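Here is the structure we will look at, set down as structure tokens.
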Amino acid sequence: MTKPTRAWQRMLSGRRLDLLDPTPVDIEIEDIAHGLAFVARWNGQTKGDWPYSVAEHSLLVEQIFARLVPTAPAKWRLAALLHDAPEYVIGDMISPVKSAVGPGYEVLDERLAAAIHIRFGLPAALPVSVKTAIKAADRISAWMEAVHIAGFLESEANKLFGRPTKSLLSGLEIKLRPASIVRSDFVARHHELLCLLG
């Protein structure tokens, strides 16, 4: 008799998240924040004494999104904050690895994203215009990270991500901080945005 393959993960909250069929009731922001604070961007290949976490990246993307779409309601800012939330269980794969893995990764990511969105009052699938704006913010963050901490030349980053305008970047910074601080800031920002939703 073949032993069934386990497709769930136990979270620190005690929730048991089914990765193949995730339900919103098994999703907690503290689990997301904790996981993302410990997942390193760029496969950990960054300068500094702390890894640059997906949680830190997500905070920056939400800031950039607000600059790109200053009239965006809080729900879309929340969507920007949560844009990489599925990575709290599936990790952050760099684009070349995602391509090598194939469509299975994208399907899993979409299932998890839909459950996360529903859990926090967002539509399962975001409007195309919102997804496009979040992706633009994500690329700007990636450019900043590539140039400042991932060892890319500006010319390389410009080709891969497009060069952002100086005015858009003004006052933004890449922060390298302990996971406990980033986790706390991520949860706090999530709560602030939920409060704005009313």
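Letters A, B, ... go to the chains of the structure tokens in the order shown; residues in each chain start at 1; ligands are counted from 1 in the same order.
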
Fewer than 6 positions away in the same chain doesn't count, so skip those; otherwise give me all residues within 7 Å of segment 123-133 of chain A, counting only C-alpha atoms, as a list in words. Phe65, Trp76, Ala114, Ala115 and His117 of chain A

Please produce an output containing N, CA, C and O atoms for each residue in the selection, written as a short mmCIF file (atom, residue, chain, number, x, y, z; two decimals), in the first residue's frame.
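Okay, this is what ended up in result_30.cif:
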```cif
data_model
loop_
_atom_site.label_atom_id
_atom_site.label_comp_id
_atom_site.auth_asym_id
_atom_site.auth_seq_id
_atom_site.Cartn_x
_atom_site.Cartn_y
_atom_site.Cartn_z
N PHE A 65 3.78 51.33 -5.04
CA PHE A 65 2.44 51.27 -5.64
C PHE A 65 1.64 52.53 -5.30
O PHE A 65 0.98 53.11 -6.17
N TRP A 76 -6.55 48.10 -2.68
CA TRP A 76 -5.52 47.79 -3.66
C TRP A 76 -4.13 47.97 -3.08
O TRP A 76 -3.19 47.28 -3.49
N ALA A 114 -5.44 33.42 -4.33
CA ALA A 114 -6.89 33.55 -4.29
C ALA A 114 -7.42 33.35 -2.87
O ALA A 114 -8.27 34.13 -2.40
N ALA A 115 -6.93 32.33 -2.18
CA ALA A 115 -7.38 32.07 -0.80
C ALA A 115 -6.97 33.21 0.13
O ALA A 115 -7.75 33.63 0.99
N HIS A 117 -6.39 36.37 -0.74
CA HIS A 117 -7.22 37.54 -1.08
C HIS A 117 -8.60 37.44 -0.43
O HIS A 117 -9.07 38.40 0.19
#
```

For the interface of segment 163-194 of chain A with segment 26-35 of chain A (cut-off 8 Å, counting only C-alpha atoms), please tabulate each contacting residue of segment 163-194 of chain A alongside its nearest pair of atoms and their separation in Å to one decimal, rows sorted by chain and increasing number, as a Markdown table.
```
| residue | atom | partner | partner_atom | distance |
| --- | --- | --- | --- | --- |
| A:Ala179 | CA | A:His34 | CA | 7.9 |
| A:Arg183 | CA | A:Ala33 | CA | 5.1 |
| A:Ser184 | CA | A:Ala33 | CA | 7.7 |
| A:Phe186 | CA | A:Ala33 | CA | 6.1 |
| A:Val187 | CA | A:Ala33 | CA | 6.3 |
| A:His190 | CA | A:Ile29 | CA | 7.9 |
```

Ala74 of chain A surroundings by only C-alpha atoms, 9 Å radius, close-in-sequence under 4 positions cut, as a list of chain:residue names: A:Leu78, A:Ala79, A:Leu193, A:Leu194, A:Cys195, A:Leu196, A:Leu197

Please produce a file of those selected residues containing N, CA and C atoms, as a PDB file, in the first residue's frame.
```
ATOM      1  N   LEU A  78      -3.541  47.140  -0.025  1.00  0.00           N
ATOM      2  CA  LEU A  78      -3.438  45.855   0.682  1.00  0.00           C
ATOM      3  C   LEU A  78      -3.040  44.751  -0.289  1.00  0.00           C
ATOM      4  N   ALA A  79      -3.624  44.761  -1.476  1.00  0.00           N
ATOM      5  CA  ALA A  79      -3.250  43.771  -2.493  1.00  0.00           C
ATOM      6  C   ALA A  79      -1.772  43.892  -2.846  1.00  0.00           C
ATOM      7  N   LEU A 193      -3.934  49.026   6.985  1.00  0.00           N
ATOM      8  CA  LEU A 193      -4.691  48.998   5.734  1.00  0.00           C
ATOM      9  C   LEU A 193      -6.079  48.396   5.932  1.00  0.00           C
ATOM     10  N   LEU A 194      -6.186  47.364   6.768  1.00  0.00           N
ATOM     11  CA  LEU A 194      -7.503  46.800   7.066  1.00  0.00           C
ATOM     12  C   LEU A 194      -8.403  47.821   7.743  1.00  0.00           C
ATOM     13  N   CYS A 195      -7.818  48.617   8.638  1.00  0.00           N
ATOM     14  CA  CYS A 195      -8.601  49.658   9.315  1.00  0.00           C
ATOM     15  C   CYS A 195      -9.098  50.700   8.313  1.00  0.00           C
ATOM     16  N   LEU A 196      -8.285  51.019   7.312  1.00  0.00           N
ATOM     17  CA  LEU A 196      -8.701  51.963   6.288  1.00  0.00           C
ATOM     18  C   LEU A 196      -9.833  51.412   5.426  1.00  0.00           C
ATOM     19  N   LEU A 197      -9.908  50.091   5.332  1.00  0.00           N
ATOM     20  CA  LEU A 197     -11.000  49.474   4.560  1.00  0.00           C
ATOM     21  C   LEU A 197     -12.341  49.659   5.270  1.00  0.00           C
TER      22      LEU A 197
END
```

Ranking A:Leu12, A:Ile140, A:Leu82, A:Leu36 by minimum distance to Arg119 of chain A and counting only C-alpha atoms, which one comes first?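 Selected residue with least distance to Arg119 of chain A: A:Leu82.
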
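Near Glu62 of chain A, within 6 Å and counting only C-alpha atoms, sit Arg77, Ala80 and Leu81 of chain A; same-chain residues fewer than 6 positions away were not included.
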
Please return as a VMD selection string: the residues of segment 74-190 of chain A that backbone DSSP assigns to helix (DSSP H, G or I). chain A and resid 74 to 81 87 to 90 95 to 101 103 to 119 128 to 148 154 to 161 166 to 169 179 to 190

Output of the above residues as a PDB file, in the first residue's frame, restricted to C-alpha atoms:
```pdb
ATOM      1  CA  ALA A  74      -6.760  50.934   0.628  1.00  0.00           C
ATOM      2  CA  LYS A  75      -7.910  47.550  -0.713  1.00  0.00           C
ATOM      3  CA  TRP A  76      -5.523  47.787  -3.660  1.00  0.00           C
ATOM      4  CA  ARG A  77      -2.706  48.947  -1.404  1.00  0.00           C
ATOM      5  CA  LEU A  78      -3.438  45.855   0.682  1.00  0.00           C
ATOM      6  CA  ALA A  79      -3.250  43.771  -2.493  1.00  0.00           C
ATOM      7  CA  ALA A  80       0.155  45.324  -3.198  1.00  0.00           C
ATOM      8  CA  LEU A  81       1.361  44.453   0.310  1.00  0.00           C
ATOM      9  CA  GLU A  87       5.749  32.732  -0.855  1.00  0.00           C
ATOM     10  CA  TYR A  88       5.265  32.281   2.900  1.00  0.00           C
ATOM     11  CA  VAL A  89       4.758  28.598   2.095  1.00  0.00           C
ATOM     12  CA  ILE A  90       6.216  28.076  -1.394  1.00  0.00           C
ATOM     13  CA  SER A  95      12.509  34.077 -12.390  1.00  0.00           C
ATOM     14  CA  PRO A  96      14.913  31.658 -14.130  1.00  0.00           C
ATOM     15  CA  VAL A  97      13.959  28.910 -11.650  1.00  0.00           C
ATOM     16  CA  LYS A  98      10.224  29.614 -12.083  1.00  0.00           C
ATOM     17  CA  SER A  99      10.670  29.201 -15.827  1.00  0.00           C
ATOM     18  CA  ALA A 100      12.466  25.900 -15.325  1.00  0.00           C
ATOM     19  CA  VAL A 101       9.789  24.580 -12.935  1.00  0.00           C
ATOM     20  CA  PRO A 103       3.346  26.135 -15.106  1.00  0.00           C
ATOM     21  CA  GLY A 104       2.855  24.065 -11.953  1.00  0.00           C
ATOM     22  CA  TYR A 105       4.447  26.773  -9.822  1.00  0.00           C
ATOM     23  CA  GLU A 106       2.142  29.438 -11.250  1.00  0.00           C
ATOM     24  CA  VAL A 107      -0.981  27.330 -10.636  1.00  0.00           C
ATOM     25  CA  LEU A 108       0.010  26.746  -7.002  1.00  0.00           C
ATOM     26  CA  ASP A 109       0.819  30.448  -6.560  1.00  0.00           C
ATOM     27  CA  GLU A 110      -2.564  31.481  -8.006  1.00  0.00           C
ATOM     28  CA  ARG A 111      -4.505  29.077  -5.761  1.00  0.00           C
ATOM     29  CA  LEU A 112      -2.768  30.364  -2.660  1.00  0.00           C
ATOM     30  CA  ALA A 113      -3.151  34.008  -3.730  1.00  0.00           C
ATOM     31  CA  ALA A 114      -6.895  33.552  -4.293  1.00  0.00           C
ATOM     32  CA  ALA A 115      -7.376  32.067  -0.803  1.00  0.00           C
ATOM     33  CA  ILE A 116      -5.275  34.839   0.764  1.00  0.00           C
ATOM     34  CA  HIS A 117      -7.219  37.539  -1.079  1.00  0.00           C
ATOM     35  CA  ILE A 118     -10.574  36.118   0.018  1.00  0.00           C
ATOM     36  CA  ARG A 119      -9.354  35.803   3.622  1.00  0.00           C
ATOM     37  CA  VAL A 128      -5.968  43.540 -14.606  1.00  0.00           C
ATOM     38  CA  SER A 129      -5.259  47.256 -14.098  1.00  0.00           C
ATOM     39  CA  VAL A 130      -4.417  46.661 -10.433  1.00  0.00           C
ATOM     40  CA  LYS A 131      -2.221  43.641 -11.204  1.00  0.00           C
ATOM     41  CA  THR A 132      -0.402  45.688 -13.853  1.00  0.00           C
ATOM     42  CA  ALA A 133       0.267  48.569 -11.446  1.00  0.00           C
ATOM     43  CA  ILE A 134       1.461  46.185  -8.707  1.00  0.00           C
ATOM     44  CA  LYS A 135       3.765  44.481 -11.222  1.00  0.00           C
ATOM     45  CA  ALA A 136       5.183  47.891 -12.189  1.00  0.00           C
ATOM     46  CA  ALA A 137       5.875  48.633  -8.497  1.00  0.00           C
ATOM     47  CA  ASP A 138       7.432  45.179  -8.124  1.00  0.00           C
ATOM     48  CA  ARG A 139       9.800  45.836 -11.051  1.00  0.00           C
ATOM     49  CA  ILE A 140      10.867  49.175  -9.568  1.00  0.00           C
ATOM     50  CA  SER A 141      11.606  47.472  -6.256  1.00  0.00           C
ATOM     51  CA  ALA A 142      13.537  44.760  -8.114  1.00  0.00           C
ATOM     52  CA  TRP A 143      15.602  47.451  -9.875  1.00  0.00           C
ATOM     53  CA  MET A 144      16.446  49.084  -6.538  1.00  0.00           C
ATOM     54  CA  GLU A 145      17.360  45.756  -4.967  1.00  0.00           C
ATOM     55  CA  ALA A 146      19.424  44.656  -7.972  1.00  0.00           C
ATOM     56  CA  VAL A 147      21.491  47.858  -7.981  1.00  0.00           C
ATOM     57  CA  HIS A 148      21.852  48.454  -4.252  1.00  0.00           C
ATOM     58  CA  GLU A 154      22.811  49.794 -13.359  1.00  0.00           C
ATOM     59  CA  SER A 155      23.015  48.971 -17.059  1.00  0.00           C
ATOM     60  CA  GLU A 156      22.059  45.334 -16.322  1.00  0.00           C
ATOM     61  CA  ALA A 157      19.192  46.350 -14.057  1.00  0.00           C
ATOM     62  CA  ASN A 158      17.948  48.842 -16.650  1.00  0.00           C
ATOM     63  CA  LYS A 159      17.744  46.079 -19.271  1.00  0.00           C
ATOM     64  CA  LEU A 160      16.025  43.602 -16.964  1.00  0.00           C
ATOM     65  CA  PHE A 161      13.633  45.830 -15.031  1.00  0.00           C
ATOM     66  CA  LYS A 166      14.681  59.686  -9.922  1.00  0.00           C
ATOM     67  CA  SER A 167      11.614  61.519  -8.649  1.00  0.00           C
ATOM     68  CA  LEU A 168       9.793  58.218  -8.076  1.00  0.00           C
ATOM     69  CA  LEU A 169      12.753  56.818  -6.115  1.00  0.00           C
ATOM     70  CA  ALA A 179      13.294  39.240  10.731  1.00  0.00           C
ATOM     71  CA  SER A 180      11.510  40.010  14.011  1.00  0.00           C
ATOM     72  CA  ILE A 181      11.343  43.740  13.208  1.00  0.00           C
ATOM     73  CA  VAL A 182      10.250  43.232   9.602  1.00  0.00           C
ATOM     74  CA  ARG A 183       7.605  40.717  10.694  1.00  0.00           C
ATOM     75  CA  SER A 184       6.200  43.193  13.198  1.00  0.00           C
ATOM     76  CA  ASP A 185       6.159  46.051  10.664  1.00  0.00           C
ATOM     77  CA  PHE A 186       4.437  43.853   8.072  1.00  0.00           C
ATOM     78  CA  VAL A 187       1.665  42.879  10.502  1.00  0.00           C
ATOM     79  CA  ALA A 188       1.275  46.511  11.618  1.00  0.00           C
ATOM     80  CA  ARG A 189       0.971  47.764   8.046  1.00  0.00           C
ATOM     81  CA  HIS A 190      -1.546  45.034   7.245  1.00  0.00           C
TER      82      HIS A 190
END
```
